[in-house]
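Listing of data37.txt; format and content: compact mmCIF, C-alpha atoms.
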# COMPACT_ATOMS: atom_id res chain seq x y z
CA MET A 122 27.24 -58.70 -8.13
CA THR A 123 26.06 -55.12 -8.56
CA ALA A 124 22.31 -54.74 -9.11
CA PRO A 125 20.89 -52.14 -11.49
CA ARG A 126 18.97 -49.13 -10.19
CA SER A 127 16.13 -47.68 -12.25
CA THR A 128 16.07 -43.88 -12.01
CA TYR A 129 14.11 -41.00 -13.55
CA ILE A 130 15.47 -37.47 -13.82
CA ASP A 131 14.44 -34.16 -15.36
CA ALA A 132 16.83 -33.61 -18.28
CA ALA A 133 16.45 -30.36 -20.22
CA GLY A 134 12.69 -30.39 -19.62
CA PHE A 135 12.14 -34.07 -20.46
CA GLU A 136 11.77 -37.04 -18.16
CA MET A 137 14.74 -39.32 -18.80
CA HIS A 138 14.97 -42.90 -17.60
CA LEU A 139 18.41 -44.26 -16.69
CA THR A 140 19.74 -47.52 -15.40
CA GLU A 141 22.53 -46.90 -12.86
CA TRP A 142 25.21 -49.44 -12.02
CA GLY A 143 27.96 -49.30 -9.41
CA ASP A 144 29.30 -46.83 -6.86
CA ARG A 145 28.88 -43.12 -7.59
CA ALA A 146 32.37 -42.56 -6.21
CA ASN A 147 33.88 -44.49 -9.14
CA PRO A 148 34.89 -42.86 -12.45
CA ALA A 149 31.86 -42.22 -14.65
CA LEU A 150 31.02 -44.19 -17.78
CA VAL A 151 28.06 -43.46 -20.04
CA MET A 152 26.81 -46.24 -22.33
CA TRP A 153 24.44 -45.01 -25.06
CA HIS A 154 22.35 -47.35 -27.18
CA GLY A 155 21.36 -47.46 -30.85
CA LEU A 156 18.52 -45.76 -32.71
CA ALA A 157 15.57 -47.96 -31.71
CA ARG A 158 17.01 -49.66 -28.63
CA THR A 159 17.21 -48.96 -24.89
CA GLY A 160 19.88 -48.64 -22.24
CA ARG A 161 19.06 -52.13 -20.94
CA ASP A 162 20.89 -53.60 -23.94
CA PHE A 163 24.11 -53.01 -21.99
CA ASP A 164 23.19 -54.97 -18.86
CA GLU A 165 25.97 -57.56 -19.13
CA ALA A 166 28.71 -55.04 -19.87
CA ALA A 167 27.41 -52.47 -17.39
CA GLN A 168 27.25 -55.00 -14.59
CA ALA A 169 30.79 -56.22 -15.23
CA LEU A 170 32.25 -52.72 -15.66
CA SER A 171 30.48 -51.42 -12.55
CA ARG A 172 33.28 -52.94 -10.47
CA ASP A 173 35.49 -50.11 -11.75
CA PHE A 174 33.01 -47.47 -12.94
CA PHE A 175 29.79 -45.70 -12.06
CA VAL A 176 27.85 -46.68 -15.18
CA LEU A 177 24.87 -44.76 -16.57
CA CYS A 178 22.75 -46.32 -19.33
CA PRO A 179 20.10 -43.83 -20.47
CA ASP A 180 17.03 -44.49 -22.57
CA THR A 181 17.13 -41.83 -25.29
CA LEU A 182 14.17 -39.48 -25.59
CA GLY A 183 11.33 -41.37 -27.30
CA ARG A 184 12.67 -44.81 -26.37
CA GLY A 185 12.16 -47.28 -23.56
CA LEU A 186 10.89 -45.66 -20.37
CA SER A 187 11.97 -42.10 -21.22
CA ALA A 188 9.42 -39.51 -22.28
CA TRP A 189 8.22 -39.07 -25.85
CA SER A 190 8.43 -35.65 -27.49
CA ALA A 191 5.19 -33.91 -28.34
CA ARG A 192 7.06 -32.10 -31.14
CA GLY A 193 8.44 -35.19 -32.84
CA ALA A 194 11.31 -34.53 -35.23
CA ALA A 195 11.98 -31.11 -33.70
CA ASP A 196 13.30 -32.78 -30.55
CA TYR A 197 14.64 -36.09 -31.88
CA THR A 198 17.99 -34.52 -32.66
CA PHE A 199 21.55 -34.71 -31.39
CA ALA A 200 21.20 -31.11 -30.21
CA THR A 201 18.40 -32.13 -27.83
CA TYR A 202 20.15 -35.33 -26.79
CA GLY A 203 23.27 -33.27 -26.05
CA GLU A 204 21.31 -30.90 -23.82
CA MET A 205 19.82 -33.88 -22.00
CA THR A 206 23.27 -35.41 -21.57
CA GLN A 207 24.60 -32.17 -20.12
CA ALA A 208 21.68 -32.06 -17.67
CA MET A 209 22.28 -35.70 -16.73
CA LEU A 210 25.97 -35.08 -16.01
CA ASP A 211 25.10 -31.99 -13.97
CA ARG A 212 22.53 -34.01 -12.03
CA TYR A 213 25.22 -36.48 -10.98
CA ASP A 214 27.96 -33.86 -10.65
CA ILE A 215 30.09 -35.67 -13.24
CA GLY A 216 33.12 -33.92 -14.69
CA ARG A 217 35.20 -36.25 -16.84
CA LEU A 218 33.77 -39.46 -18.22
CA GLY A 219 34.16 -42.36 -20.59
CA TRP A 220 31.64 -42.98 -23.36
CA VAL A 221 30.59 -46.22 -25.04
CA GLY A 222 28.15 -45.67 -27.91
CA THR A 223 26.53 -48.23 -30.18
CA SER A 224 25.41 -47.02 -33.62
CA MET A 225 23.43 -43.81 -32.94
CA GLY A 226 25.04 -43.69 -29.50
CA GLY A 227 28.43 -43.73 -31.22
CA LEU A 228 27.51 -40.83 -33.48
CA LEU A 229 26.21 -38.89 -30.50
CA GLY A 230 29.45 -39.64 -28.68
CA ILE A 231 31.48 -38.31 -31.61
CA THR A 232 29.36 -35.16 -31.73
CA LEU A 233 29.72 -34.48 -28.01
CA ALA A 234 33.41 -35.43 -27.86
CA ALA A 235 34.07 -32.84 -30.57
CA GLY A 236 31.88 -30.13 -29.07
CA LEU A 237 29.95 -29.79 -25.83
CA LEU A 238 32.00 -32.42 -23.96
CA ARG A 239 35.31 -32.14 -25.84
CA GLU A 240 37.33 -31.52 -22.68
CA ARG A 241 35.37 -34.02 -20.60
CA ILE A 242 35.13 -37.28 -22.59
CA THR A 243 38.46 -38.97 -21.98
CA HIS A 244 37.76 -42.35 -23.62
CA LEU A 245 35.39 -42.89 -26.55
CA VAL A 246 34.22 -46.28 -27.82
CA ILE A 247 32.49 -46.13 -31.21
CA ASN A 248 30.59 -49.36 -31.76
CA ASP A 249 29.88 -50.20 -35.41
CA VAL A 250 29.12 -46.84 -36.93
CA GLY A 251 31.02 -44.25 -38.93
CA PRO A 252 30.70 -40.56 -39.73
CA ASP A 253 29.08 -41.49 -43.07
CA ILE A 254 26.42 -44.25 -43.18
CA PRO A 255 25.86 -45.90 -46.59
CA TYR A 256 22.53 -44.93 -48.17
CA ASP A 257 21.19 -48.48 -48.51
CA SER A 258 21.97 -49.25 -44.88
CA ALA A 259 20.31 -46.06 -43.67
CA ARG A 260 17.24 -46.84 -45.76
CA ARG A 261 17.07 -50.40 -44.38
CA ILE A 262 17.10 -49.10 -40.82
CA ALA A 263 14.57 -46.36 -41.59
CA ASP A 264 12.19 -48.88 -43.17
CA TYR A 265 11.85 -51.06 -40.09
CA VAL A 266 12.14 -48.30 -37.49
CA GLY A 267 9.58 -46.05 -39.17
CA ASN A 268 7.03 -48.83 -39.70
CA PRO A 269 6.79 -50.64 -36.36
CA PRO A 270 4.65 -53.79 -36.54
CA THR A 271 2.06 -54.97 -34.04
CA PHE A 272 1.54 -58.54 -32.88
CA ASP A 273 -1.13 -60.59 -31.17
CA SER A 274 1.31 -62.17 -28.74
CA VAL A 275 4.70 -61.66 -27.12
CA ALA A 276 5.82 -64.91 -28.76
CA ASP A 277 5.12 -63.44 -32.20
CA TYR A 278 6.93 -60.25 -31.25
CA GLU A 279 9.94 -62.21 -30.02
CA ALA A 280 10.17 -64.12 -33.29
CA TRP A 281 10.16 -60.83 -35.22
CA LEU A 282 12.73 -59.29 -32.87
CA ARG A 283 15.12 -62.22 -33.29
CA ARG A 284 14.81 -62.04 -37.08
CA THR A 285 15.22 -58.28 -37.24
CA TYR A 286 18.23 -58.26 -34.94
CA ALA A 287 19.83 -61.47 -36.16
CA PRO A 288 22.93 -59.44 -37.21
CA PHE A 289 23.63 -59.02 -33.47
CA GLY A 290 25.11 -62.50 -33.73
CA ALA A 291 25.13 -65.22 -31.08
CA ASN A 292 23.85 -64.11 -27.69
CA SER A 293 22.57 -65.89 -24.61
CA GLU A 294 18.92 -66.75 -24.06
CA THR A 295 19.03 -64.39 -21.09
CA PHE A 296 20.05 -61.55 -23.42
CA TRP A 297 17.20 -62.23 -25.86
CA ARG A 298 14.62 -62.62 -23.08
CA ARG A 299 15.63 -59.28 -21.58
CA MET A 300 15.61 -57.66 -25.01
CA VAL A 301 12.01 -58.80 -25.48
CA ASP A 302 10.92 -57.65 -22.03
CA THR A 303 12.61 -54.24 -22.21
CA SER A 304 11.70 -53.23 -25.76
CA MET A 305 7.97 -54.00 -26.04
CA ARG A 306 4.77 -52.30 -24.95
CA ARG A 307 1.04 -52.89 -25.27
CA THR A 308 -1.06 -50.71 -27.56
CA ASP A 309 -4.38 -49.25 -26.42
CA GLY A 310 -6.01 -52.21 -28.13
CA GLY A 311 -3.88 -54.74 -26.27
CA LYS A 312 -1.56 -55.67 -29.13
CA VAL A 313 2.20 -55.95 -28.68
CA THR A 314 4.54 -53.48 -30.37
CA VAL A 315 7.94 -51.82 -30.01
CA HIS A 316 8.76 -49.55 -27.07
CA TYR A 317 9.62 -46.39 -29.01
CA ASP A 318 7.98 -43.44 -30.73
CA PRO A 319 7.92 -44.11 -34.51
CA ALA A 320 8.79 -40.43 -35.01
CA ILE A 321 12.38 -41.17 -33.95
CA VAL A 322 12.96 -42.21 -37.56
CA SER A 323 13.31 -38.48 -38.27
CA THR A 324 17.03 -38.92 -37.58
CA MET A 325 17.17 -40.82 -40.88
CA ALA A 326 15.03 -38.26 -42.75
CA GLU A 327 14.48 -34.69 -41.53
CA ASN A 328 17.60 -34.66 -39.34
CA LYS A 329 20.09 -36.31 -41.69
CA ALA A 330 22.80 -33.85 -40.67
CA ASP A 331 23.16 -35.84 -37.46
CA LEU A 332 24.42 -38.76 -39.57
CA ASP A 333 27.22 -36.84 -41.34
CA VAL A 334 29.78 -36.08 -38.66
CA TRP A 335 33.18 -36.20 -40.39
CA ASP A 336 34.03 -32.67 -39.27
CA ALA A 337 33.19 -33.55 -35.68
CA TYR A 338 35.12 -36.81 -35.93
CA ASP A 339 38.24 -34.97 -37.05
CA ALA A 340 37.97 -32.73 -33.98
CA VAL A 341 37.83 -35.56 -31.41
CA ILE A 342 40.78 -35.59 -29.00
CA ALA A 343 39.61 -38.39 -26.69
CA ARG A 344 41.41 -41.71 -26.76
CA THR A 345 39.23 -43.72 -29.13
CA LEU A 346 38.43 -47.35 -29.86
CA LEU A 347 36.52 -48.35 -33.00
CA ILE A 348 34.60 -51.63 -33.05
CA ARG A 349 33.17 -53.18 -36.21
CA GLY A 350 31.00 -56.24 -36.77
CA GLU A 351 32.63 -58.48 -39.37
CA HIS A 352 29.55 -58.42 -41.63
CA SER A 353 28.31 -54.93 -40.82
CA ASP A 354 26.64 -52.97 -43.62
CA VAL A 355 26.51 -49.81 -41.48
CA LEU A 356 30.28 -49.54 -41.00
CA PRO A 357 31.87 -50.94 -44.18
CA PRO A 358 35.61 -51.66 -44.25
CA THR A 359 36.33 -48.60 -46.40
CA ILE A 360 34.83 -46.21 -43.83
CA ALA A 361 36.53 -48.03 -40.94
CA SER A 362 39.89 -47.77 -42.72
CA ALA A 363 39.38 -44.05 -43.32
CA MET A 364 38.54 -43.55 -39.65
CA ARG A 365 41.77 -45.21 -38.59
CA MET A 366 43.79 -42.67 -40.59
CA ARG A 367 42.16 -39.43 -39.44
CA GLY A 368 40.65 -37.70 -36.43
CA PRO A 369 41.55 -39.62 -33.24
CA CYS A 370 43.14 -42.45 -35.32
CA PRO A 371 41.56 -45.22 -33.23
CA GLU A 372 42.52 -48.82 -32.86
CA LEU A 373 40.10 -50.99 -34.86
CA VAL A 374 38.75 -54.26 -33.47
CA VAL A 375 36.62 -56.49 -35.73
CA ILE A 376 34.16 -58.80 -34.00
CA PRO A 377 33.74 -62.03 -35.96
CA GLU A 378 30.46 -63.66 -36.95
CA CYS A 379 28.19 -60.67 -36.43
CA GLY A 380 26.90 -57.70 -38.37
CA HIS A 381 25.37 -54.50 -37.07
CA ALA A 382 26.03 -54.29 -34.24
CA PRO A 383 28.15 -56.20 -31.72
CA THR A 384 26.22 -56.36 -28.44
CA LEU A 385 29.29 -56.06 -26.18
CA ALA A 386 27.67 -58.71 -24.00
CA ASP A 387 30.10 -61.64 -23.97
CA ASP A 388 33.20 -62.03 -21.82
CA ARG A 389 35.63 -61.35 -24.67
CA GLN A 390 33.98 -58.10 -25.71
CA ILE A 391 33.56 -56.95 -22.10
CA GLY A 392 37.24 -57.68 -21.48
CA MET A 393 38.13 -55.61 -24.52
CA LEU A 394 36.13 -52.69 -23.15
CA ARG A 395 37.71 -52.97 -19.72
CA ASP A 396 41.24 -53.10 -21.13
CA PHE A 397 40.58 -49.94 -23.11
CA LEU A 398 38.69 -47.97 -20.46
CA VAL A 399 40.65 -48.71 -17.29
Can the structure in the file be given as structure tokens, please?
Amino acid sequence: MTAPRSTYIDAAGFEMHLTEWGDRANPALVMWHGLARTGRDFDEAAQALSRDFFVLCPDTLGRGLSAWSARGAADYTFATYGEMTQAMLDRYDIGRLGWVGTSMGGLLGITLAAGLLRERITHLVINDVGPDIPYDSARRIADYVGNPPTFDSVADYEAWLRRTYAPFGANSETFWRRMVDTSMRRTDGGKVTVHYDPAIVSTMAENKADLDVWDAYDAVIARTLLIRGEHSDVLPPTIASAMRMRGPCPELVVIPECGHAPTLADDRQIGMLRDFLV
């Protein structure tokens, strides 16, 4: 099986951490995570898809092992992430590519597929997010992302993580263990907390324009697949139905027994991705 490779690059003046999977000679696939997550969330899917693709799973600026911005909200924007993406693709000499984006990564994918990378993203997977996020759902996310807790032990942190991300649905113990290991850090005082800059919540406040992307969505020409968690409050059925009728008019797949957002980690979901992307 293909092993991951941890890599750091200079992307638009920031140090970006990526996990690489597969042969660079294969077609390129970028998998971009959600607001407060990391690229390691995609390990199962990236490993499986690396048989056919060269897979890049970045940590967004301010998350995981990528740099934090000294300017906070001024850099935690889709404009900056787009510049970093462009630099990443140039670094690997990538022309055309597929894109799988969960939540924020889906919105970024829409934005880039309508603009900077409109002629380059050939396949776009939008995982459990729409061009218009309901207010209550956005507030729920902002509340926990903007107020990261600290814990005395990793065990306490893991219990909180499993409660907070229970909408992910059923996942293996290996998935949860990796999620703990790859999304925690120690504070200066030795406590355990989340592995992101709390200022990233600016996407839900100062940079709200990044969450309203209907115009961009209507301009997408890439072949598109829309995935929705059955109980998702971020992508309600009304928004999903509207998305099916406009823009790229994607196929909609509903993943049962989960909310926001499907992890794309089990064999069925990975098979769905492969069938769409290959």
Query - Distance criterion (all atoms listed in the file): nearest to A:Thr303 out of A:Phe289, A:Tyr213, A:Phe163, A:Trp153 - result: A:Phe163
Query raised in the report: Expressed in Å to a single decimal, how great is the separation between atom CA of A:Asp318 and atom CA of A:Tyr256?
Result: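 Answer for the atom CA of A:Asp318 to atom CA of A:Tyr256 separation: 22.8 Å.
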Query - atom CA of A:Arg161 to atom CA of A:Phe296, straight-line distance in Å - result: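 Interatomic distance here is 9.8 Å.
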Report task. Mind checking which residues fall within 12 Å of A:Leu398, counting only C-alpha atoms, ignoring those fewer than 2 positions away in the same chain, and posting them as a ChimeraX atom specification? Result -> /A:148-151,170-171,173-174,218-221,242-246,343-346,391-396
Query raised in the report: Taking into account only C-alpha atoms, which residue in the set A:Asn268, A:Ile321, A:Glu351, A:Leu177 is nearest to A:Gly290?
Result: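 Ranking A:Asn268, A:Ile321, A:Glu351, A:Leu177 by distance to A:Gly290, first place goes to A:Glu351.
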**Report entry** Among listed residues A:His381, A:His154, A:Arg184, A:Arg365, nearest A:His316 (using all atoms listed in the file)
**Finding:**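 Checking each candidate against A:His316, we get A:Arg184 as the closest.
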Query raised in the report: Quick one, how far is atom CA of A:Gly350 from atom CA of A:Gly380?
Result: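 Here the two named atoms are 4.6 Å from each other.
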Requested in this report: May I ask which of the residues A:Thr359, A:Ser293, A:Thr181, A:Thr271 is the closest one to A:Phe199, counting all atoms listed in the file?
Outcome: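 The closest residue to A:Phe199 is A:Thr181.
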Requested in this report: Within 9 Å of A:Gln207, counting all atoms listed in the file, which residues show up once you throw out same-chain ones fewer than 2 positions away? Write them as a VMD selection string, please.
Outcome: chain A and resid 132 to 133 202 to 205 209 to 212 237 to 238
**Report entry** Spatial neighbours of stretch 229-235 of chain A, 6 Å, only C-alpha atoms, chain gap at least 5 places, as a ChimeraX atom specification
**Finding:** /A:242,337-338,340-341
Query raised in the report: Between A:Lys312, A:Arg260, A:Arg299, A:Arg145, which one has atoms that come closest to A:Tyr278, using only C-alpha atoms?
Result: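 Checking each of A:Lys312, A:Arg260, A:Arg299, A:Arg145 against A:Tyr278, counting only C-alpha atoms, the winner is A:Lys312.
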May I have the protein, DNA and RNA residues with any atom at most 10 Å from the point (14.4, -39.7, -30.1), counting all atoms listed in the file, written as a compact mmCIF listing (two decimals) with C-alpha atoms, in the frame of the given file?
# COMPACT_ATOMS: atom_id res chain seq x y z
CA LEU A 156 18.52 -45.76 -32.71
CA ALA A 157 15.57 -47.96 -31.71
CA ASP A 180 17.03 -44.49 -22.57
CA THR A 181 17.13 -41.83 -25.29
CA LEU A 182 14.17 -39.48 -25.59
CA GLY A 183 11.33 -41.37 -27.30
CA ARG A 184 12.67 -44.81 -26.37
CA SER A 187 11.97 -42.10 -21.22
CA ALA A 188 9.42 -39.51 -22.28
CA TRP A 189 8.22 -39.07 -25.85
CA SER A 190 8.43 -35.65 -27.49
CA GLY A 193 8.44 -35.19 -32.84
CA ALA A 194 11.31 -34.53 -35.23
CA ALA A 195 11.98 -31.11 -33.70
CA ASP A 196 13.30 -32.78 -30.55
CA TYR A 197 14.64 -36.09 -31.88
CA THR A 198 17.99 -34.52 -32.66
CA PHE A 199 21.55 -34.71 -31.39
CA THR A 201 18.40 -32.13 -27.83
CA TYR A 202 20.15 -35.33 -26.79
CA TYR A 317 9.62 -46.39 -29.01
CA ASP A 318 7.98 -43.44 -30.73
CA PRO A 319 7.92 -44.11 -34.51
CA ALA A 320 8.79 -40.43 -35.01
CA ILE A 321 12.38 -41.17 -33.95
CA VAL A 322 12.96 -42.21 -37.56
CA SER A 323 13.31 -38.48 -38.27
CA THR A 324 17.03 -38.92 -37.58
